[in-house]
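Working notes, beginning with the structure itself.
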Amino acid sequence: MNPAMKIHPLMLAAVIAFWGWQTAQWLVAVPVAALLCASFYVSLRWALTTAHLTRVADFCTVLALLLGGFLYVTYGNPRAIIVFFQWLPLMFLPVALAHAYREAGTTEKMNLSVLFWSLRRRPPRGYEQRPVLFDPWWPYLALWIVAAAAANERGFWFYVGLVALVSWPLVRIRPWSYRVGTWAVAFSLAIALGFGLQYALNTTQGWLEAAVPDWITAAGLRTDPYRATTDIGHIGKLKESDTIVLRVTTADGRVPPRLFHRASYNAYFGAAWLARGAPFAPVQDMPQNHWPLAPAQAPAARATIYDYTVRPNPVLSLPAGTAVIENLRAVSAQRNPLGAVQIVREPGYFSYVAAYGGEQAFEGAPTAEDTRLPAREREAFTALATELGLNPRASAAGVEQVQRHFAQGYQYSMFQKNAPLLGSPIVDFLYRSKSGHCEYFATATALLLRAGGIPARYATGFAVAEKSARENAYLVRTRHAHAWVRAYVNGAWIDVDTTPASWFAIEAEDGNTLSKLWSRVTDLWSWLRFRAAQAWADTDERQWLVGALVVLLPVALWLARRLYRSRRRKENNKLKQILTSYSPTGTDSEFYRIEQRLAAQGCGRRAHETTRDWLTRLKADAQIDTAPLAGIADLHNRYRFDPLGLSDAQRARLKESAGAWLAGNTVA
Amino acid sequence: MWKFSHWVFSLIAASQRVIERRLTRAGMLVGSVMIGTAALGADTNLTVAYRIFAFAAALLFVGWIASLLQRGRYTVARYLPRVVTAGEPFTYRVTVNNLANAPRDGLTLIDDLADPRPPLAEFRARLRFPTYRAWKRLIQERKACQVDELALPALAPRGALDVRVHGEALRRGNQHFQGVTVARADPLGLVRALSPLPAPANVLVLPRRYAMPPITLPGSRRYQPGGVSLAASVGNSEEFVGLRDYRPGDPLQRIHWKSYARIGEPVVREYQDEYFERHALILDTFAGSDRAVAFEEAVSIASSLACTVNTQECLLDLMFIGAESYIYTAGRGQMTTGSLLEVLAAVQLCASKPFRTLQDAVTARRGLLTGSICILLAWDEARREFIRTLHALGVPLMVLVVSAEPIAEREPWLHVIVPGKVQEGLTAL
């Protein structure tokens, strides 16, 4: 291998430390880095073949699949994908460790078939597949860096760290025939270009999300408290889905409020509503995860909301008059004067209890924005307000008058056939088409009330009306997303919904039989996931990591023991084979009995002595006549060690002469 | 569907080729990371993977621009072998000259082999269903050689260096080499600037050969009319040494019918008397593409036999049917064994003619043959009939059937060789 392409252990440590820094998982990063880097310095090795590595990789794959499934059920996408990627290098750590500590050493290349099942398949007929060998360290380092990105640390330092980590290997592989200056210019250019590109990507996404309706960008799952881009003026049919986004239960089985508010907006421009002059202020949390919104008062009722967010920092869905949010686990919460409450937390499932029904709401008093009319629509709405006789001093009557007006001659429709003929789509709706979806009704109502001098805001949220017997809860789907008006009447903000009540049924009827059947399947799946998430959602990542370790450690120990024992067994088998293949002859020689007899007399043969030396010693020391023994010993040695052995006659002579000697030399 | 899938597969293969040639290993890793982070970082608010994507894209972009700004000035001389053997590695020498006045490093030598992508007609004819796996097999089958790219040492200004390039002959046939490309990495070491140099050449890949046990060829010496010079001629020659009157016992085949007609008395052709062994190596080429593997093994066995027979002492006729009947004779001053192997390197399956054609070609030469080795691809009725005919004509035979299907009630002279276990089968002969 080219020395420049060899991984340096410090580089490995730096990348894992970078991951630890970004994810704040130092407790994991440090031991992992130490374990991997130690393999470069210690000589401890195991005899692991490609087949062993393949098994370890399969184990890791199964582990990743199980964990992926668990994450998907618990957190849903996209958080499951993000968390999965964040921990992916850890899931494949066993392969990395096995590779690092195999006998071939850390510089050995790995067969790609270890990781890819497709390469293990028998190649097509007549196709010779050569093993694809690669150095796994570089892709593994890349995986750690990508995993670090999943932590979503938005600071400037991520880019700095990334550039520093990448520059190291790039310096090492640099072709030296270029001038250093050329390399430096090229690399600096890449840094600058990369920085510009990442900034442009992020900005473009922000711009796109603001420019297209929320229906498209987030399928009703996300609420931007600053801006609501409506579908007013959209030609054609609205596409909506049956995805369940909220579940609402009440303690005593009472019917929850019909409208759950997410955000209100006070300025209308084109087809968008904006929250102008409505800065967010933090909400002080109380013990037991209580978040008070209005001054202390006794709430009349409570509703538990099981929410799901794909984005971090969601906006809560709350009934009108919510005074306290209880049992809400969040890093922090903030609210604006328009009634939106946004919390800081990770995406996924979460729940909270809204205590509502108090006398005081927390929305701010009307401002000039709440009565402003856009120039384009001012004339048309003022004319209608005058016609209806709206008066700011009789706001309650005015609201009733407006509700009556929209109840007569207007109809709910999810389909707009033609482009507006009267210029502004909302004016066209008001005077000509008189047909539209909730955004038309809410916008027209808000502007009409404003034209009559009554402060009004455009409110968005969900309509809660579908009860599920299976779940014993109210289900809120994406298509239940709704818009209405909050009007300031007699010193309080009240919900005014002028959309014909038939809208709920019309949307429920939308879709063919097949899509409805499919909806039932997805409902069941959603419910199963919800129940699983409820069971697991209270555990955070650290806890399940510990849980996974608790489960995996015995498995790993068991595998290590099995490996160790199989090696021992293999060695034992080898030894046994050697022993069984060696079958000594002559072990039944009668000379051994003579040896025993003399040993009993204290003249035993020493361990290092040959029979000849022994007999010489006996003759000298013990004054024993060894002359007959010499012949027997000679026969014994031939019987024992001569490959040709003894003839039958010689064998008989050995037996006979030994027997004679033993008979004549009984123990004294 | 066929056109579209051919277009898609061709596009994938072409893209793969461009990526493999244009990017260094490090560049490929950066490219993979770019693709991975493009998927993970699609929503720039959820992760910061889009920053990795942006940096990776910028690195590759700068590398690509830098590679475009380079101008390679090299000359290359390549010394290829004329023939190589399938299944065997081979090496050849390449001399690379740097014409620039500056040193060059980060260089790679890439041999440009002929495009192995099958044309639509072949793609359609060879496959039952267009799958990518089958497409890869087709590409593999069309590649006779594989030459790995070679990292070159640094080149001094106006310097030259000699390197040995290693290749592997994958299967028999002709391999066209289009040229050589000298690739140089950009300053970042990610993208290569390519300097393609035309150097067309051909290498003939001879069939794979197996180790053969010493075999005793069937038959004995036989009178060869016309001697060695005529023995070398292909087919039935009308040339003769002289004419003489017919004597009872002369074979009817040797009657010169024109003279007989002119004189009214039978006249026969007279040849110089020569006696030596003449063996036929009969190769069965009649099978569909589903038996292509067995056919390749049969060709390998034929090559192994051709090399084993000592052609200094006897003649060896290689007989097979292609577009027409082919007979090539080796030995005793005629073609060499190497030439036979070259013929075998190009032999193809014959789908347009019946098996009977081979039988007719062999029986026409029955008078000359002292023995025959038949390499068959199946043991069906047509082939049984062929062997029965040869037996009836008294031609000593050795019959090898290359087939994975078991043959019940086998005669002792019939040897079955299973594709994939050819060496074992040949050792047991």
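Letters for chains follow the order of the structure tokens (A, B, ...), residue numbers begin at 1 for each chain, and ligand numbers begin at 1 in the order shown.
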
Per residue of chain B within 7 Å of chain A, record the nearest atom pair and its distance in Å to one decimal, counting only C-alpha atoms, with rows in chain order and ascending residue number, as a tab-separated table.
residue	atom	partner	partner_atom	distance
B:Leu29	CA	A:Pro139	CA	6.9
B:Thr44	CA	A:Asn202	CA	5.6
B:Leu46	CA	A:Asn152	CA	6.5
B:Thr47	CA	A:Asn152	CA	4.4
B:Val48	CA	A:Ala149	CA	5.0
B:Ala49	CA	A:Ala149	CA	5.0
B:Tyr50	CA	A:Gln198	CA	6.3
B:Arg51	CA	A:Gln198	CA	5.1
B:Ala54	CA	A:Gly194	CA	4.7
B:Phe55	CA	A:Gly194	CA	4.1
B:Ala58	CA	A:Ala190	CA	4.9
B:Leu59	CA	A:Ala190	CA	5.0
B:Val62	CA	A:Ala190	CA	6.0
B:Pro103	CA	A:Ser177	CA	6.0
B:Arg104	CA	A:Ser177	CA	5.6
B:Asp105	CA	A:Ser177	CA	5.8
B:Gly106	CA	A:Pro175	CA	5.2
B:Arg137	CA	A:Tyr127	CA	5.8
B:Gln140	CA	A:Tyr127	CA	6.3
B:Pro187	CA	A:Trp183	CA	5.3
B:Leu188	CA	A:Arg174	CA	5.8
B:Gly189	CA	A:Arg174	CA	5.5
B:Val293	CA	A:Gly126	CA	6.4

Write a file of the just-selected residues containing N, CA and C atoms, as a PDB file, in the first residue's frame.
ATOM      1  N   LEU B  29     -13.999   8.348  -3.165  1.00  0.00           N
ATOM      2  CA  LEU B  29     -14.518   8.416  -1.794  1.00  0.00           C
ATOM      3  C   LEU B  29     -15.236   9.754  -1.576  1.00  0.00           C
ATOM      4  N   THR B  44     -31.932  21.044   4.764  1.00  0.00           N
ATOM      5  CA  THR B  44     -30.764  21.681   5.378  1.00  0.00           C
ATOM      6  C   THR B  44     -31.022  22.138   6.801  1.00  0.00           C
ATOM      7  N   LEU B  46     -32.411  20.073   9.092  1.00  0.00           N
ATOM      8  CA  LEU B  46     -32.399  18.903   9.977  1.00  0.00           C
ATOM      9  C   LEU B  46     -31.002  18.453  10.362  1.00  0.00           C
ATOM     10  N   THR B  47     -30.094  18.507   9.420  1.00  0.00           N
ATOM     11  CA  THR B  47     -28.702  18.124   9.701  1.00  0.00           C
ATOM     12  C   THR B  47     -27.781  19.129   9.018  1.00  0.00           C
ATOM     13  N   VAL B  48     -26.494  19.030   9.349  1.00  0.00           N
ATOM     14  CA  VAL B  48     -25.531  19.882   8.634  1.00  0.00           C
ATOM     15  C   VAL B  48     -24.772  19.068   7.582  1.00  0.00           C
ATOM     16  N   ALA B  49     -25.386  17.948   7.181  1.00  0.00           N
ATOM     17  CA  ALA B  49     -24.747  17.117   6.150  1.00  0.00           C
ATOM     18  C   ALA B  49     -24.605  17.891   4.851  1.00  0.00           C
ATOM     19  N   TYR B  50     -25.480  18.880   4.642  1.00  0.00           N
ATOM     20  CA  TYR B  50     -25.376  19.659   3.401  1.00  0.00           C
ATOM     21  C   TYR B  50     -24.063  20.428   3.337  1.00  0.00           C
ATOM     22  N   ARG B  51     -23.450  20.688   4.504  1.00  0.00           N
ATOM     23  CA  ARG B  51     -22.144  21.366   4.488  1.00  0.00           C
ATOM     24  C   ARG B  51     -21.059  20.426   3.971  1.00  0.00           C
ATOM     25  N   ALA B  54     -21.579  20.250   0.319  1.00  0.00           N
ATOM     26  CA  ALA B  54     -21.089  21.444  -0.375  1.00  0.00           C
ATOM     27  C   ALA B  54     -19.565  21.405  -0.493  1.00  0.00           C
ATOM     28  N   PHE B  55     -18.895  20.999   0.583  1.00  0.00           N
ATOM     29  CA  PHE B  55     -17.431  20.974   0.564  1.00  0.00           C
ATOM     30  C   PHE B  55     -16.932  19.888  -0.398  1.00  0.00           C
ATOM     31  N   ALA B  58     -17.444  21.072  -3.868  1.00  0.00           N
ATOM     32  CA  ALA B  58     -16.468  22.119  -4.204  1.00  0.00           C
ATOM     33  C   ALA B  58     -15.096  21.502  -4.472  1.00  0.00           C
ATOM     34  N   LEU B  59     -14.713  20.513  -3.673  1.00  0.00           N
ATOM     35  CA  LEU B  59     -13.410  19.861  -3.884  1.00  0.00           C
ATOM     36  C   LEU B  59     -13.360  19.209  -5.265  1.00  0.00           C
ATOM     37  N   VAL B  62     -13.332  21.962  -8.055  1.00  0.00           N
ATOM     38  CA  VAL B  62     -12.015  22.597  -8.211  1.00  0.00           C
ATOM     39  C   VAL B  62     -11.037  21.610  -8.851  1.00  0.00           C
ATOM     40  N   PRO B 103       8.799  18.159 -14.064  1.00  0.00           N
ATOM     41  CA  PRO B 103       8.551  16.775 -13.618  1.00  0.00           C
ATOM     42  C   PRO B 103       7.050  16.507 -13.517  1.00  0.00           C
ATOM     43  N   ARG B 104       6.702  15.248 -13.561  1.00  0.00           N
ATOM     44  CA  ARG B 104       5.295  14.842 -13.456  1.00  0.00           C
ATOM     45  C   ARG B 104       5.187  13.700 -12.449  1.00  0.00           C
ATOM     46  N   ASP B 105       4.217  13.804 -11.547  1.00  0.00           N
ATOM     47  CA  ASP B 105       3.923  12.658 -10.689  1.00  0.00           C
ATOM     48  C   ASP B 105       2.412  12.543 -10.533  1.00  0.00           C
ATOM     49  N   GLY B 106       1.998  11.601  -9.714  1.00  0.00           N
ATOM     50  CA  GLY B 106       0.558  11.327  -9.604  1.00  0.00           C
ATOM     51  C   GLY B 106       0.021  10.762 -10.907  1.00  0.00           C
ATOM     52  N   ARG B 137     -22.789 -10.024 -17.432  1.00  0.00           N
ATOM     53  CA  ARG B 137     -22.219 -11.286 -17.933  1.00  0.00           C
ATOM     54  C   ARG B 137     -21.818 -11.133 -19.400  1.00  0.00           C
ATOM     55  N   GLN B 140     -18.707  -9.196 -19.673  1.00  0.00           N
ATOM     56  CA  GLN B 140     -17.582 -10.026 -19.243  1.00  0.00           C
ATOM     57  C   GLN B 140     -17.188 -11.004 -20.358  1.00  0.00           C
ATOM     58  N   PRO B 187      -4.011  18.951  -8.540  1.00  0.00           N
ATOM     59  CA  PRO B 187      -3.233  19.279  -7.333  1.00  0.00           C
ATOM     60  C   PRO B 187      -3.835  18.710  -6.058  1.00  0.00           C
ATOM     61  N   LEU B 188      -5.162  18.557  -6.003  1.00  0.00           N
ATOM     62  CA  LEU B 188      -5.786  18.027  -4.789  1.00  0.00           C
ATOM     63  C   LEU B 188      -5.749  16.496  -4.760  1.00  0.00           C
ATOM     64  N   GLY B 189      -5.396  15.884  -5.867  1.00  0.00           N
ATOM     65  CA  GLY B 189      -5.303  14.421  -5.912  1.00  0.00           C
ATOM     66  C   GLY B 189      -6.641  13.736  -6.018  1.00  0.00           C
ATOM     67  N   VAL B 293     -20.835 -22.472 -21.983  1.00  0.00           N
ATOM     68  CA  VAL B 293     -19.787 -22.826 -21.025  1.00  0.00           C
ATOM     69  C   VAL B 293     -19.181 -24.184 -21.396  1.00  0.00           C
TER      70      VAL B 293
END

Near-Ser657 in chain A list (9 Å; only C-alpha atoms; drop same-chain fewer than 5 positions) as a compact mmCIF listing (two decimals) with N, CA and C atoms, in the first residue's frame:
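Saved result, result.txt, follows:
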# COMPACT_ATOMS: atom_id res chain seq x y z
N PRO A 628 23.26 -60.40 32.20
CA PRO A 628 22.03 -60.90 31.54
C PRO A 628 21.10 -59.77 31.13
N LEU A 629 21.19 -58.69 31.91
CA LEU A 629 20.29 -57.55 31.61
C LEU A 629 20.68 -56.86 30.30
N GLY A 631 21.73 -58.08 27.48
CA GLY A 631 21.10 -58.73 26.33
C GLY A 631 19.62 -58.42 26.25
N ILE A 632 18.97 -58.44 27.47
CA ILE A 632 17.53 -58.14 27.49
C ILE A 632 17.29 -56.69 27.05
N ALA A 652 9.96 -63.66 21.44
CA ALA A 652 9.77 -64.73 22.42
C ALA A 652 10.98 -64.83 23.35
N LEU A 662 13.38 -62.10 36.12
CA LEU A 662 12.44 -61.70 37.18
C LEU A 662 12.24 -62.84 38.19

Would you list the contacts of Glu405 in chain B as JSON, numbers by chain, taking every protein, DNA or RNA residue within 9 Å and counting only C-alpha atoms, but skipping same-chain residues closer than 2 positions in sequence?
{"B": [378, 402, 403, 407, 418]}

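Pairwise distance (CA of Arg25 in chain B, CA of Ala13 in chain A) equals 22.4 Å.
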
List the spatial neighbours of range 339-342 of chain B as a tab-separated table (two decimals) with N, CA and C atoms, in the first residue's frame - criterion: any atom at most 8 Å away, only C-alpha atoms, same-chain residues fewer than 2 positions off excluded.
chain	number	residue	atom	x	y	z
B	204	LEU	N	-4.10	-11.96	-29.47
B	204	LEU	CA	-4.94	-13.15	-29.61
B	204	LEU	C	-4.84	-13.97	-28.33
B	206	LEU	N	-5.31	-17.34	-26.71
B	206	LEU	CA	-5.47	-18.76	-27.04
B	206	LEU	C	-6.34	-19.42	-25.98
B	207	PRO	N	-6.98	-20.54	-26.35
B	207	PRO	CA	-7.87	-21.18	-25.37
B	207	PRO	C	-7.10	-21.62	-24.13
B	303	SER	N	-7.75	-27.87	-27.32
B	303	SER	CA	-6.44	-27.21	-27.31
B	303	SER	C	-5.43	-28.04	-26.53
B	306	ALA	N	-4.48	-30.93	-28.62
B	306	ALA	CA	-3.65	-30.51	-29.75
B	306	ALA	C	-2.20	-30.31	-29.30
B	318	LEU	N	-7.61	-31.06	-37.38
B	318	LEU	CA	-8.64	-30.44	-36.54
B	318	LEU	C	-9.85	-30.20	-37.43
B	328	TYR	N	-8.04	-28.36	-40.52
B	328	TYR	CA	-6.68	-27.83	-40.45
B	328	TYR	C	-5.77	-28.97	-40.02
B	330	ALA	N	-2.06	-30.38	-38.80
B	330	ALA	CA	-0.79	-30.00	-38.16
B	330	ALA	C	0.12	-31.21	-38.17
B	335	MET	N	1.04	-27.30	-40.63
B	335	MET	CA	0.80	-26.26	-39.60
B	335	MET	C	1.42	-26.66	-38.27
B	336	THR	N	1.73	-25.66	-37.46
B	336	THR	CA	2.27	-25.98	-36.14
B	336	THR	C	1.12	-26.07	-35.14
B	337	THR	N	1.45	-26.59	-33.97
B	337	THR	CA	0.44	-26.67	-32.91
B	337	THR	C	-0.06	-25.27	-32.54
B	344	LEU	N	-8.27	-22.44	-32.97
B	344	LEU	CA	-9.22	-22.74	-31.88
B	344	LEU	C	-9.62	-21.48	-31.11
B	345	ALA	N	-8.74	-20.50	-31.12
B	345	ALA	CA	-9.06	-19.25	-30.41
B	345	ALA	C	-10.24	-18.53	-31.04
B	346	ALA	N	-10.48	-18.85	-32.31
B	346	ALA	CA	-11.53	-18.11	-33.03
B	346	ALA	C	-12.75	-18.95	-33.33

Using backbone DSSP assignments, extract all alpha helix (DSSP H) residues from range 260-392 of chain A; output them as a PyMOL selection string.
chain A and resi 375-388

Output file for the selection above: C-alpha atoms, as a CSV table (one decimal), in the first residue's frame:
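Once everything was written out, this is part.csv:
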chain,number,residue,atom,x,y,z
A,375,ALA,CA,-54.9,48.3,-0.6
A,376,ARG,CA,-55.9,45.9,-3.4
A,377,GLU,CA,-58.9,44.6,-1.5
A,378,ARG,CA,-59.8,47.6,0.6
A,379,GLU,CA,-62.5,49.1,-1.7
A,380,ALA,CA,-64.4,45.8,-2.2
A,381,PHE,CA,-64.4,44.8,1.4
A,382,THR,CA,-65.3,48.3,2.7
A,383,ALA,CA,-68.2,48.4,0.3
A,384,LEU,CA,-69.5,45.0,1.6
A,385,ALA,CA,-69.0,46.0,5.2
A,386,THR,CA,-71.0,49.2,4.7
A,387,GLU,CA,-73.7,47.2,3.0
A,388,LEU,CA,-73.8,44.8,6.0
